[in-house]
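Coordinates from start00.cif are shown below (mmCIF, C-alpha atoms and all ligand atoms).
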data_input
#
loop_
_atom_site.label_atom_id
_atom_site.label_comp_id
_atom_site.auth_asym_id
_atom_site.auth_seq_id
_atom_site.Cartn_x
_atom_site.Cartn_y
_atom_site.Cartn_z
CA MET A 29 -72.30 -143.97 205.48
CA GLU A 30 -69.65 -146.58 206.13
CA ASN A 31 -70.45 -150.02 207.43
CA VAL A 32 -68.07 -150.39 210.38
CA ASP A 33 -67.78 -152.38 213.56
CA ALA A 34 -68.55 -150.88 216.96
CA PRO A 35 -65.51 -148.85 217.97
CA GLU A 36 -63.25 -149.50 220.93
CA GLY A 37 -61.59 -146.65 222.79
CA LEU A 38 -61.04 -145.07 226.19
CA SER A 39 -63.29 -147.55 227.93
CA SER A 40 -63.88 -145.79 231.23
CA LEU A 41 -65.29 -142.63 229.65
CA ALA A 42 -68.75 -142.13 228.18
CA GLY A 43 -69.53 -143.96 224.93
CA LEU A 44 -70.39 -142.67 221.49
CA GLY A 45 -73.85 -141.14 221.45
CA SER A 46 -73.74 -140.33 225.16
CA PRO A 47 -73.92 -136.72 226.37
CA VAL A 48 -70.76 -134.63 226.15
CA ILE A 49 -69.13 -134.95 229.56
CA GLY A 50 -67.00 -131.81 229.48
CA ARG A 51 -63.99 -131.28 231.74
CA SER A 52 -64.07 -133.58 234.70
CA SER A 53 -62.34 -133.05 238.04
CA THR A 54 -61.53 -136.78 238.18
CA PHE A 55 -59.68 -136.53 234.90
CA ALA A 56 -56.18 -138.05 235.08
CA ARG A 57 -55.12 -139.09 231.62
CA LYS A 58 -51.66 -139.82 230.26
CA VAL A 59 -50.55 -138.47 226.88
CA GLY A 60 -47.35 -139.75 225.26
CA ILE A 61 -45.51 -137.87 222.55
CA ILE A 62 -43.00 -139.61 220.28
CA GLY A 63 -40.43 -137.11 219.05
CA ALA A 64 -39.28 -134.12 221.10
CA GLY A 65 -38.41 -131.99 218.08
CA SER A 66 -40.07 -128.72 217.06
CA VAL A 67 -43.52 -130.28 216.68
CA GLY A 68 -43.45 -132.75 219.59
CA ALA A 69 -42.08 -130.23 222.10
CA THR A 70 -44.61 -127.59 221.03
CA ILE A 71 -47.50 -130.05 221.36
CA ALA A 72 -46.22 -130.86 224.87
CA TYR A 73 -46.08 -127.14 225.69
CA ALA A 74 -49.57 -126.40 224.32
CA ALA A 75 -51.02 -129.47 226.04
CA MET A 76 -49.35 -128.52 229.31
CA ILE A 77 -50.52 -124.92 229.42
CA ARG A 78 -54.07 -125.92 228.42
CA GLY A 79 -54.14 -128.59 231.16
CA VAL A 80 -55.08 -131.34 228.72
CA ALA A 81 -53.62 -134.24 230.72
CA ARG A 82 -52.32 -134.94 234.21
CA HIS A 83 -49.32 -136.76 232.78
CA ILE A 84 -47.38 -135.89 229.61
CA SER A 85 -44.48 -138.16 228.59
CA LEU A 86 -42.01 -137.49 225.80
CA PHE A 87 -39.99 -140.18 224.05
CA ASP A 88 -37.11 -139.43 221.67
CA ILE A 89 -33.97 -141.33 220.66
CA ALA A 90 -32.02 -138.09 221.16
CA LYS A 91 -31.52 -138.32 224.94
CA SER A 92 -30.01 -134.90 225.57
CA LYS A 93 -32.76 -133.24 223.49
CA VAL A 94 -35.64 -134.97 225.28
CA ASP A 95 -34.05 -134.38 228.71
CA ALA A 96 -33.60 -130.68 227.96
CA GLU A 97 -37.17 -130.22 226.68
CA VAL A 98 -38.60 -131.96 229.76
CA LEU A 99 -36.48 -129.84 232.08
CA ASP A 100 -37.56 -126.63 230.36
CA LEU A 101 -41.26 -127.62 230.49
CA ASN A 102 -40.98 -128.55 234.18
CA HIS A 103 -39.46 -125.16 234.96
CA GLY A 104 -42.75 -123.61 233.82
CA LEU A 105 -45.09 -125.97 235.70
CA LEU A 106 -45.70 -123.40 238.44
CA PHE A 107 -47.59 -121.31 235.89
CA ALA A 108 -49.67 -124.13 234.38
CA PRO A 109 -52.38 -126.52 235.60
CA GLN A 110 -50.96 -129.32 237.77
CA ALA A 111 -49.33 -132.08 235.71
CA THR A 112 -46.41 -134.48 235.61
CA VAL A 113 -44.10 -134.01 232.63
CA ASP A 114 -41.36 -136.56 232.04
CA GLY A 115 -39.36 -138.01 229.18
CA SER A 116 -36.83 -140.61 228.15
CA ASP A 117 -35.01 -142.30 225.31
CA ASP A 118 -36.61 -145.54 226.57
CA VAL A 119 -40.01 -146.33 225.06
CA GLU A 120 -41.15 -147.65 228.48
CA ILE A 121 -41.92 -144.01 229.30
CA LEU A 122 -45.03 -144.42 227.10
CA ARG A 123 -46.41 -147.33 229.15
CA ASP A 124 -50.21 -147.23 229.57
CA CYS A 125 -50.67 -143.95 227.73
CA ASP A 126 -54.28 -143.20 226.82
CA VAL A 127 -53.23 -141.30 223.71
CA VAL A 128 -49.88 -141.54 221.92
CA VAL A 129 -48.99 -138.74 219.51
CA MET A 130 -46.47 -139.65 216.81
CA THR A 131 -44.29 -136.74 215.65
CA ALA A 132 -40.93 -138.47 215.16
CA GLY A 133 -39.37 -138.39 211.76
CA ALA A 134 -37.83 -136.44 208.96
CA LYS A 135 -39.30 -133.02 208.24
CA GLN A 136 -39.54 -131.06 204.99
CA LYS A 137 -36.53 -129.12 203.90
CA PRO A 138 -37.24 -125.95 201.92
CA GLY A 139 -38.75 -126.98 198.56
CA GLU A 140 -39.50 -130.60 199.59
CA THR A 141 -43.08 -131.90 199.54
CA ARG A 142 -44.56 -133.91 202.40
CA MET A 143 -44.76 -136.96 200.12
CA ASP A 144 -40.95 -136.77 199.70
CA LEU A 145 -40.68 -137.86 203.35
CA ALA A 146 -42.69 -141.07 202.87
CA ALA A 147 -39.90 -143.65 202.63
CA ALA A 148 -37.82 -142.28 205.53
CA ASN A 149 -40.80 -141.91 207.85
CA ALA A 150 -42.29 -145.29 206.91
CA GLY A 151 -39.04 -146.83 208.18
CA ILE A 152 -39.29 -144.94 211.48
CA CYS A 153 -42.94 -146.03 211.94
CA LYS A 154 -42.00 -149.65 211.31
CA LYS A 155 -39.38 -149.38 214.04
CA ILE A 156 -41.35 -147.52 216.73
CA LEU A 157 -44.99 -148.56 216.38
CA PRO A 158 -44.60 -152.23 217.41
CA ASP A 159 -43.09 -150.90 220.68
CA VAL A 160 -46.11 -148.63 221.14
CA VAL A 161 -48.43 -151.63 220.71
CA ARG A 162 -46.40 -153.45 223.38
CA VAL A 163 -46.37 -150.70 226.03
CA ALA A 164 -49.71 -148.95 225.34
CA PRO A 165 -51.93 -151.55 223.64
CA ASN A 166 -55.18 -149.72 224.37
CA CYS A 167 -54.11 -146.23 223.35
CA ILE A 168 -55.60 -144.01 220.73
CA LEU A 169 -52.83 -143.31 218.22
CA LEU A 170 -52.67 -139.77 216.85
CA LEU A 171 -50.33 -139.44 213.88
CA VAL A 172 -48.71 -136.12 213.00
CA THR A 173 -45.54 -137.24 211.18
CA ASN A 174 -45.71 -136.47 207.44
CA PRO A 175 -46.95 -137.43 204.96
CA VAL A 176 -49.63 -137.82 207.60
CA ASP A 177 -52.27 -139.63 205.52
CA VAL A 178 -49.73 -142.20 204.33
CA VAL A 179 -48.32 -142.56 207.86
CA THR A 180 -51.86 -143.05 209.25
CA GLU A 181 -52.52 -145.88 206.80
CA LEU A 182 -49.16 -147.49 207.62
CA ALA A 183 -49.82 -147.14 211.35
CA ARG A 184 -53.17 -148.84 210.96
CA LYS A 185 -51.54 -151.77 209.19
CA ILE A 186 -48.50 -152.01 211.51
CA THR A 187 -50.45 -151.81 214.78
CA GLY A 188 -53.56 -153.74 213.76
CA PHE A 189 -55.56 -151.27 215.90
CA GLU A 190 -59.25 -150.76 215.11
CA TRP A 191 -59.92 -148.06 212.47
CA ASN A 192 -61.44 -145.61 214.95
CA ARG A 193 -58.34 -145.29 217.14
CA VAL A 194 -55.76 -144.62 214.41
CA ILE A 195 -56.25 -140.93 213.70
CA GLY A 196 -54.16 -138.58 211.58
CA SER A 197 -54.08 -134.88 212.47
CA GLY A 198 -54.93 -134.52 208.78
CA THR A 199 -56.29 -131.20 207.61
CA VAL A 200 -57.24 -129.83 211.03
CA LEU A 201 -54.29 -127.44 210.66
CA ASP A 202 -55.07 -126.64 207.01
CA SER A 203 -58.72 -125.94 207.93
CA SER A 204 -57.50 -123.53 210.60
CA ARG A 205 -55.29 -121.75 208.04
CA PHE A 206 -58.28 -121.66 205.65
CA ARG A 207 -60.61 -120.17 208.26
CA TYR A 208 -58.01 -117.58 209.26
CA LEU A 209 -57.61 -116.39 205.66
CA VAL A 210 -61.38 -116.28 205.01
CA ALA A 211 -61.93 -114.45 208.32
CA ARG A 212 -59.22 -111.91 207.48
CA HIS A 213 -60.61 -111.33 203.99
CA CYS A 214 -64.18 -110.85 205.25
CA GLY A 215 -63.30 -108.94 208.43
CA VAL A 216 -64.98 -111.38 210.84
CA ALA A 217 -63.80 -113.43 213.81
CA VAL A 218 -62.14 -116.70 212.80
CA GLN A 219 -64.44 -118.54 215.23
CA ASN A 220 -67.47 -117.52 213.11
CA VAL A 221 -66.10 -119.13 209.96
CA HIS A 222 -67.07 -122.77 209.46
CA ALA A 223 -65.15 -124.28 206.60
CA TYR A 224 -63.05 -127.36 205.98
CA ILE A 225 -60.13 -128.43 203.87
CA ALA A 226 -60.48 -132.12 202.95
CA GLY A 227 -58.31 -134.78 201.32
CA GLU A 228 -54.54 -135.08 201.66
CA HIS A 229 -52.71 -132.90 204.20
CA GLY A 230 -50.60 -131.69 201.29
CA ASP A 231 -50.60 -130.52 197.73
CA SER A 232 -53.74 -132.36 196.54
CA GLU A 233 -55.99 -131.11 199.38
CA ILE A 234 -59.27 -129.46 198.43
CA PRO A 235 -61.34 -126.64 199.98
CA LEU A 236 -65.00 -127.45 200.65
CA TRP A 237 -66.37 -124.04 199.62
CA SER A 238 -69.92 -125.27 198.99
CA SER A 239 -70.53 -126.11 202.67
CA ALA A 240 -68.57 -123.17 204.13
CA THR A 241 -70.47 -120.56 206.14
CA ILE A 242 -69.96 -117.36 208.11
CA GLY A 243 -72.55 -116.93 210.86
CA SER A 244 -74.89 -119.36 209.05
CA ILE A 245 -74.62 -117.51 205.70
CA PRO A 246 -73.24 -119.77 202.95
CA LEU A 247 -69.88 -118.35 201.94
CA ASN A 248 -70.87 -118.50 198.28
CA GLN A 249 -73.60 -115.91 199.09
CA TRP A 250 -71.49 -113.73 201.39
CA ALA A 251 -72.06 -110.05 200.46
CA VAL A 252 -72.10 -107.97 203.65
CA PRO A 253 -71.31 -104.26 203.12
CA GLY A 254 -67.89 -103.42 204.57
CA HIS A 255 -66.93 -107.09 204.92
CA GLY A 256 -65.70 -108.04 201.49
CA ARG A 257 -66.98 -110.44 198.87
CA LEU A 258 -65.33 -113.64 197.83
CA ALA A 259 -64.82 -113.38 194.08
CA ALA A 260 -63.33 -116.37 192.22
CA ALA A 261 -59.89 -114.70 192.25
CA ASP A 262 -60.10 -114.15 196.03
CA LYS A 263 -60.97 -117.80 196.57
CA ALA A 264 -58.12 -118.95 194.35
CA GLU A 265 -55.70 -116.72 196.27
CA ILE A 266 -56.90 -118.06 199.63
CA VAL A 267 -56.51 -121.69 198.52
CA ARG A 268 -53.04 -120.96 197.12
CA ASN A 269 -52.04 -119.42 200.45
CA VAL A 270 -53.39 -122.42 202.41
CA LYS A 271 -51.43 -124.84 200.23
CA GLU A 272 -48.24 -122.79 200.37
CA ALA A 273 -48.49 -121.96 204.08
CA ALA A 274 -46.12 -124.68 205.31
CA TYR A 275 -43.58 -123.96 202.54
CA GLN A 276 -43.63 -120.27 203.49
CA VAL A 277 -43.13 -120.92 207.23
CA ILE A 278 -40.42 -123.55 206.62
CA GLN A 279 -38.59 -121.17 204.28
CA GLY A 280 -38.53 -118.52 207.00
CA LYS A 281 -37.87 -120.51 210.21
CA GLY A 282 -37.12 -124.13 209.24
CA ALA A 283 -40.22 -125.76 210.76
CA THR A 284 -43.88 -125.18 211.52
CA ASN A 285 -44.70 -125.68 215.18
CA TYR A 286 -47.11 -123.27 216.95
CA ALA A 287 -50.25 -123.80 214.85
CA VAL A 288 -49.74 -127.55 214.61
CA GLY A 289 -49.13 -127.64 218.39
CA LEU A 290 -52.49 -125.99 219.00
CA ALA A 291 -54.30 -128.03 216.32
CA VAL A 292 -53.10 -131.32 217.82
CA THR A 293 -53.96 -130.13 221.33
CA ASN A 294 -57.46 -129.36 220.06
CA ILE A 295 -57.79 -132.97 218.83
CA LEU A 296 -56.40 -134.26 222.16
CA GLU A 297 -59.01 -132.25 224.07
CA SER A 298 -61.82 -133.65 221.98
CA ILE A 299 -60.60 -137.20 222.65
CA LEU A 300 -59.71 -136.86 226.32
CA TYR A 301 -62.78 -134.84 227.32
CA ASP A 302 -65.11 -136.69 224.93
CA GLU A 303 -66.09 -133.36 223.41
CA GLN A 304 -67.51 -134.71 220.13
CA ARG A 305 -65.94 -131.91 218.07
CA VAL A 306 -66.32 -132.03 214.29
CA LEU A 307 -62.74 -132.17 213.02
CA ALA A 308 -61.17 -132.83 209.61
CA VAL A 309 -58.98 -135.65 210.88
CA SER A 310 -57.44 -138.29 208.64
CA GLY A 311 -58.64 -141.84 208.89
CA LEU A 312 -59.76 -144.89 207.02
CA LEU A 313 -62.50 -144.51 204.42
CA LYS A 314 -64.63 -147.54 203.71
CA GLY A 315 -67.09 -146.75 200.98
CA PHE A 316 -67.33 -142.99 201.55
CA ARG A 317 -68.34 -141.43 198.20
CA GLY A 318 -66.87 -144.42 196.39
CA MET A 319 -63.53 -144.31 198.21
CA GLU A 320 -62.22 -147.50 199.81
CA ASP A 321 -59.26 -148.42 201.99
CA VAL A 322 -57.45 -145.11 201.96
CA CYS A 323 -56.78 -142.66 204.79
CA LEU A 324 -57.58 -138.99 204.20
CA SER A 325 -59.34 -136.14 205.93
CA VAL A 326 -63.04 -135.43 205.92
CA PRO A 327 -65.03 -133.91 208.78
CA ARG A 328 -65.76 -136.48 211.49
CA ILE A 329 -66.92 -136.42 215.11
CA VAL A 330 -64.04 -137.07 217.54
CA GLY A 331 -64.50 -138.25 221.12
CA CYS A 332 -63.21 -140.63 223.77
CA LYS A 333 -63.48 -143.66 221.50
CA GLY A 334 -61.56 -141.98 218.74
CA MET A 335 -63.18 -140.94 215.50
CA GLU A 336 -66.53 -141.78 213.98
CA PRO A 337 -67.19 -142.45 210.28
CA PRO A 338 -67.18 -139.38 207.98
CA LEU A 339 -70.12 -137.00 208.25
CA PRO A 340 -72.36 -136.93 205.18
CA ILE A 341 -71.16 -133.43 204.31
CA PRO A 342 -72.67 -132.05 201.06
CA MET A 343 -70.21 -131.67 198.17
CA THR A 344 -70.33 -130.43 194.62
CA VAL A 345 -69.31 -132.74 191.79
CA ASP A 346 -65.96 -130.88 191.53
CA GLU A 347 -65.28 -131.20 195.26
CA GLU A 348 -66.04 -134.92 195.17
CA SER A 349 -63.83 -135.53 192.15
CA GLY A 350 -61.06 -133.45 193.77
CA LEU A 351 -61.32 -135.64 196.86
CA GLN A 352 -61.15 -138.79 194.75
CA ALA A 353 -58.03 -137.51 192.95
CA SER A 354 -56.47 -136.73 196.33
CA ALA A 355 -57.29 -140.28 197.50
CA GLU A 356 -55.57 -141.67 194.41
CA SER A 357 -52.35 -139.74 195.06
CA ILE A 358 -52.23 -141.01 198.68
CA ARG A 359 -53.01 -144.56 197.62
CA LYS A 360 -50.20 -144.49 195.05
CA VAL A 361 -47.57 -143.51 197.65
CA VAL A 362 -48.79 -146.20 200.09
CA LYS A 363 -48.61 -148.77 197.27
CA ASP A 364 -45.13 -147.64 196.21
CA LEU A 365 -43.99 -148.24 199.80
CA GLY A 366 -45.17 -151.84 199.50
CA TYR A 367 -48.18 -151.61 201.88
P1 LIG B 1 -37.67 -132.35 214.15
O1 LIG B 1 -36.53 -132.79 213.29
O2 LIG B 1 -37.56 -131.07 214.87
O3 LIG B 1 -37.99 -133.49 215.23
C1 LIG B 1 -38.08 -134.84 214.91
C2 LIG B 1 -37.67 -135.61 216.15
O4 LIG B 1 -37.90 -137.00 215.89
C3 LIG B 1 -36.19 -135.45 216.51
O5 LIG B 1 -36.06 -134.93 217.83
C4 LIG B 1 -35.63 -136.86 216.39
O6 LIG B 1 -34.62 -137.15 217.33
C5 LIG B 1 -36.88 -137.70 216.61
N1 LIG B 1 -36.76 -139.06 216.11
C6 LIG B 1 -36.26 -139.46 214.91
N2 LIG B 1 -36.29 -140.82 214.84
C7 LIG B 1 -36.83 -141.25 216.00
C8 LIG B 1 -37.11 -142.54 216.52
N3 LIG B 1 -36.86 -143.65 215.81
N4 LIG B 1 -37.68 -142.62 217.75
C9 LIG B 1 -37.94 -141.49 218.47
N5 LIG B 1 -37.67 -140.25 218.03
C10 LIG B 1 -37.12 -140.14 216.81
O7 LIG B 1 -38.96 -132.37 213.20
P2 LIG B 1 -40.33 -131.59 213.49
O8 LIG B 1 -40.28 -130.23 212.91
O9 LIG B 1 -40.70 -131.79 214.92
O10 LIG B 1 -41.33 -132.43 212.55
C11 LIG B 1 -41.68 -133.75 212.90
C12 LIG B 1 -42.65 -134.32 211.88
O11 LIG B 1 -43.90 -133.63 211.96
C13 LIG B 1 -42.18 -134.18 210.42
O12 LIG B 1 -42.49 -135.36 209.69
C14 LIG B 1 -43.01 -133.01 209.91
O13 LIG B 1 -43.17 -133.01 208.51
C15 LIG B 1 -44.32 -133.29 210.64
N6 LIG B 1 -45.28 -132.17 210.71
C16 LIG B 1 -46.59 -132.50 210.55
C17 LIG B 1 -47.55 -131.51 210.59
C18 LIG B 1 -49.00 -131.88 210.41
O14 LIG B 1 -49.88 -131.01 210.39
N7 LIG B 1 -49.32 -133.16 210.28
C19 LIG B 1 -47.17 -130.18 210.79
C20 LIG B 1 -45.83 -129.88 210.97
C21 LIG B 1 -44.88 -130.90 210.92
#

Rewrite the coordinates I just gave you, this time as structure tokens.
Ligand code: NAD
Amino acid sequence: MENVDAPEGLSSLAGLGSPVIGRSSTFARKVGIIGAGSVGATIAYAAMIRGVARHISLFDIAKSKVDAEVLDLNHGLLFAPQATVDGSDDVEILRDCDVVVMTAGAKQKPGETRMDLAAANAGICKKILPDVVRVAPNCILLLVTNPVDVVTELARKITGFEWNRVIGSGTVLDSSRFRYLVARHCGVAVQNVHAYIAGEHGDSEIPLWSSATIGSIPLNQWAVPGHGRLAAADKAEIVRNVKEAAYQVIQGKGATNYAVGLAVTNILESILYDEQRVLAVSGLLKGFRGMEDVCLSVPRIVGCKGMEPPLPIPMTVDEESGLQASAESIRKVVKDLGY
């Protein structure tokens, strides 16, 4: 386990190790979203209809875009839990946010990898994040902009925030895609599949098959009549589909937005309601399985103070070496950017 300092976070909520507080009637948190594009606007929509925060603020340099998204969201407020939704091209709109979600930046064009976006999005982070530190110095920062592991590491360095409150959405989305495909193959509800994708949110990510279960049965032993088996070829096909999922969606409609909107809202709920969910978020590793000073996803507990150190999840030798190779590819991009 990592040796880390006591985390800081949303100070007025329960601390790490305290009972899960659940949804509170006194809850009145403010969530800021940077970028009102496909991803940012969909996160705002998902967060609004799930009643995640009493105040949702969008910030985008494209004034007419952010104004239009805010207007459209407000026109649906009657049908959602009570909230204030506003937006601006002035970063002041993010003042005193409890959580700031970063989605601004270039997105993949068909055929581009996430890592291809690194230089452009590093520049945008360098421009925006000092303003976030100024207007919301105590926020938890949730990075979504790609390549998200690289952006998380940059954000940590630019803001100087403690490790626990600089969180990348990481492979929460990839794990959801993974569970969906396993559930479909085995003919079970997706909620009964427990399985994680770890490493980079991108091409070097790895599936943690050895710890995956359906209804407490290890997936490697799954052999229920009428509910499929997972032969090596089936597993390879599932992993290929997880890795190609974003490319497939982008090819067809230009952006991914619904699943990431829900995945990020799930992380927001765990933070804002101190739910202590186990999520494959991206964050700093300090000595986890020999990996130092690199941000990538492994399952961690997420609550009102941000994220905890990685869980000691069992791994095979191949899974561990896959994770280390993934760490290397992230580290190389961060280094090439001069950080
Ligand atoms: P988009 O082009 O639709 O929206 C990007 C928005 O950022 C635009 O509205 C633009 O005006 C805004 N923007 C650009 N520079 C800005 C600045 N300096 N300040 C404020 N706003 C600025 O793109 P999208 O589809 O919403 O994707 C956004 C990012 O999210 C991309 O990097 C994409 O790769 C990433 N993404 C991540 C995941 C994940 O799971 N981590 C999933 C999908 C997309």

Residues within 8 Å of ligand LIG 1 (chain B), counting all atoms listed in the file, as number ranges by chain: A: 62-69, 87-90, 93-94, 117, 131-136, 142, 145, 149, 152-153, 155-156, 171-176, 196-202, 229, 274, 282-285, 288, 291

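Between atom CA of A:Val98 and atom CA of A:Pro158 the interatomic distance comes to 24.5 Å.
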
Atom CA of A:Val210 to atom CA of A:Glu356, straight-line distance in Å: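 So the answer is 28.1 Å.
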
Nearest residue to A:Met143 from the set A:Gly115, A:Gly188, A:Pro165, A:Gly230 (distances using all atoms listed in the file):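 That would be A:Gly230, the residue with the smallest distance to A:Met143.
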
Close residues, A:Gly215 itself excluded, 12 Å, only C-alpha atoms, min 2 positions apart in chain, as a PyMOL selection string: chain A and resi 207-213+217-221+242+250-258

Neighbour residues at most 12 Å from (-55.0, -122.2, 199.5) (only C-alpha atoms) as a PyMOL selection string: chain A and resi 202-210+224-226+229-237+261-275

Could you write out as AutoDock Vina command-line options the box around stretch 115-127 of chain A (axis-aligned, all atoms listed in the file, 3 Å on each side), with centre and edge lengths in Å to one decimal?
--center_x -44.6 --center_y -142.8 --center_z 226.6 --size_x 25.3 --size_y 15.6 --size_z 11.9

Separation of atom CA of A:Cys332 from atom CA of A:Thr112, in Å and rounded to one decimal: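 Between atom CA of A:Cys332 and atom CA of A:Thr112 the gap works out to 21.5 Å.
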
Residues near A:Leu307, cut-off 7 Å, all atoms listed in the file, skip fewer than 5 positions along chain, as a VMD selection string: chain A and resid 200 327 to 330

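Residues within 8 Å of A:Met343, counting only C-alpha atoms and excluding same-chain residues fewer than 2 positions away, are Leu236, Ser238, Ser239, Ile341, Val345, Asp346, Glu347 and Glu348 of chain A.
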
Among listed residues A:Gly350, A:Gly104, A:Gly280, A:Pro338, nearest A:Lys137 (using all atoms listed in the file):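 Going through A:Gly350, A:Gly104, A:Gly280, A:Pro338 one by one, the smallest distance to A:Lys137 is for A:Gly280.
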
Using all atoms listed in the file: which of A:Ser357, A:Val216, A:Leu351, A:Thr180 has the shortest distance to A:Leu312: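 Under the stated criterion, the closest residue is A:Thr180.
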
Nearby residues (all atoms listed in the file) at most 8 Å from A:Cys323, same-chain spacing under 2 positions excluded, as a list in words: Asp177, Val178, Thr180, Glu181, Ser310, Gly311, Leu312, Leu313, Asp321, Ser325, Ala355 and Ile358 of chain A

Which of A:Ala146, A:Gln110, A:Gly79, A:Glu320 sits closest to A:Leu296 [using only C-alpha atoms]: A:Gly79

For A:Cys167, the nearest of the candidates A:Thr344, A:Arg57, A:Thr70, A:Glu303, counting all atoms listed in the file: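 Distance minimum relative to A:Cys167 lands on A:Arg57.
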
Since the input has fewer atoms than a full residue there, write stretch 216-222 of chain A out with all heavy atoms, as a short mmCIF file (atom, residue, chain, number, x, y, z; two decimals), keeping the file's coordinate frame.
data_model
loop_
_atom_site.label_atom_id
_atom_site.label_comp_id
_atom_site.auth_asym_id
_atom_site.auth_seq_id
_atom_site.Cartn_x
_atom_site.Cartn_y
_atom_site.Cartn_z
N VAL A 216 -64.18 -110.78 209.76
CA VAL A 216 -64.98 -111.38 210.84
C VAL A 216 -64.06 -112.22 211.73
O VAL A 216 -62.93 -112.53 211.35
CB VAL A 216 -66.11 -112.29 210.28
CG1 VAL A 216 -67.10 -111.50 209.44
CG2 VAL A 216 -65.54 -113.46 209.49
N ALA A 217 -64.60 -112.59 212.90
CA ALA A 217 -63.80 -113.43 213.81
C ALA A 217 -63.62 -114.82 213.21
O ALA A 217 -64.57 -115.37 212.63
CB ALA A 217 -64.49 -113.54 215.16
N VAL A 218 -62.43 -115.37 213.36
CA VAL A 218 -62.14 -116.70 212.80
C VAL A 218 -63.09 -117.75 213.36
O VAL A 218 -63.47 -118.70 212.67
CB VAL A 218 -60.64 -117.06 213.01
CG1 VAL A 218 -60.28 -117.28 214.47
CG2 VAL A 218 -60.24 -118.27 212.18
N GLN A 219 -63.54 -117.56 214.61
CA GLN A 219 -64.44 -118.54 215.23
C GLN A 219 -65.81 -118.58 214.55
O GLN A 219 -66.59 -119.52 214.73
CB GLN A 219 -64.63 -118.23 216.73
CG GLN A 219 -63.41 -118.47 217.58
CD GLN A 219 -62.39 -117.33 217.52
OE1 GLN A 219 -62.61 -116.31 216.85
NE2 GLN A 219 -61.27 -117.50 218.20
N ASN A 220 -66.17 -117.54 213.79
CA ASN A 220 -67.47 -117.52 213.11
C ASN A 220 -67.43 -118.07 211.70
O ASN A 220 -68.43 -118.08 210.99
CB ASN A 220 -68.05 -116.10 213.10
CG ASN A 220 -68.41 -115.65 214.49
OD1 ASN A 220 -67.94 -114.63 214.96
ND2 ASN A 220 -69.20 -116.42 215.17
N VAL A 221 -66.24 -118.51 211.28
CA VAL A 221 -66.10 -119.13 209.96
C VAL A 221 -66.14 -120.65 210.15
O VAL A 221 -65.39 -121.19 210.96
CB VAL A 221 -64.77 -118.74 209.28
CG1 VAL A 221 -64.64 -119.40 207.92
CG2 VAL A 221 -64.65 -117.23 209.17
N HIS A 222 -67.04 -121.30 209.43
CA HIS A 222 -67.07 -122.77 209.46
C HIS A 222 -66.75 -123.26 208.07
O HIS A 222 -67.52 -123.04 207.14
CB HIS A 222 -68.43 -123.28 209.95
CG HIS A 222 -68.57 -123.12 211.42
ND1 HIS A 222 -68.14 -124.08 212.31
CD2 HIS A 222 -68.99 -122.09 212.16
CE1 HIS A 222 -68.31 -123.64 213.54
NE2 HIS A 222 -68.83 -122.43 213.49
#
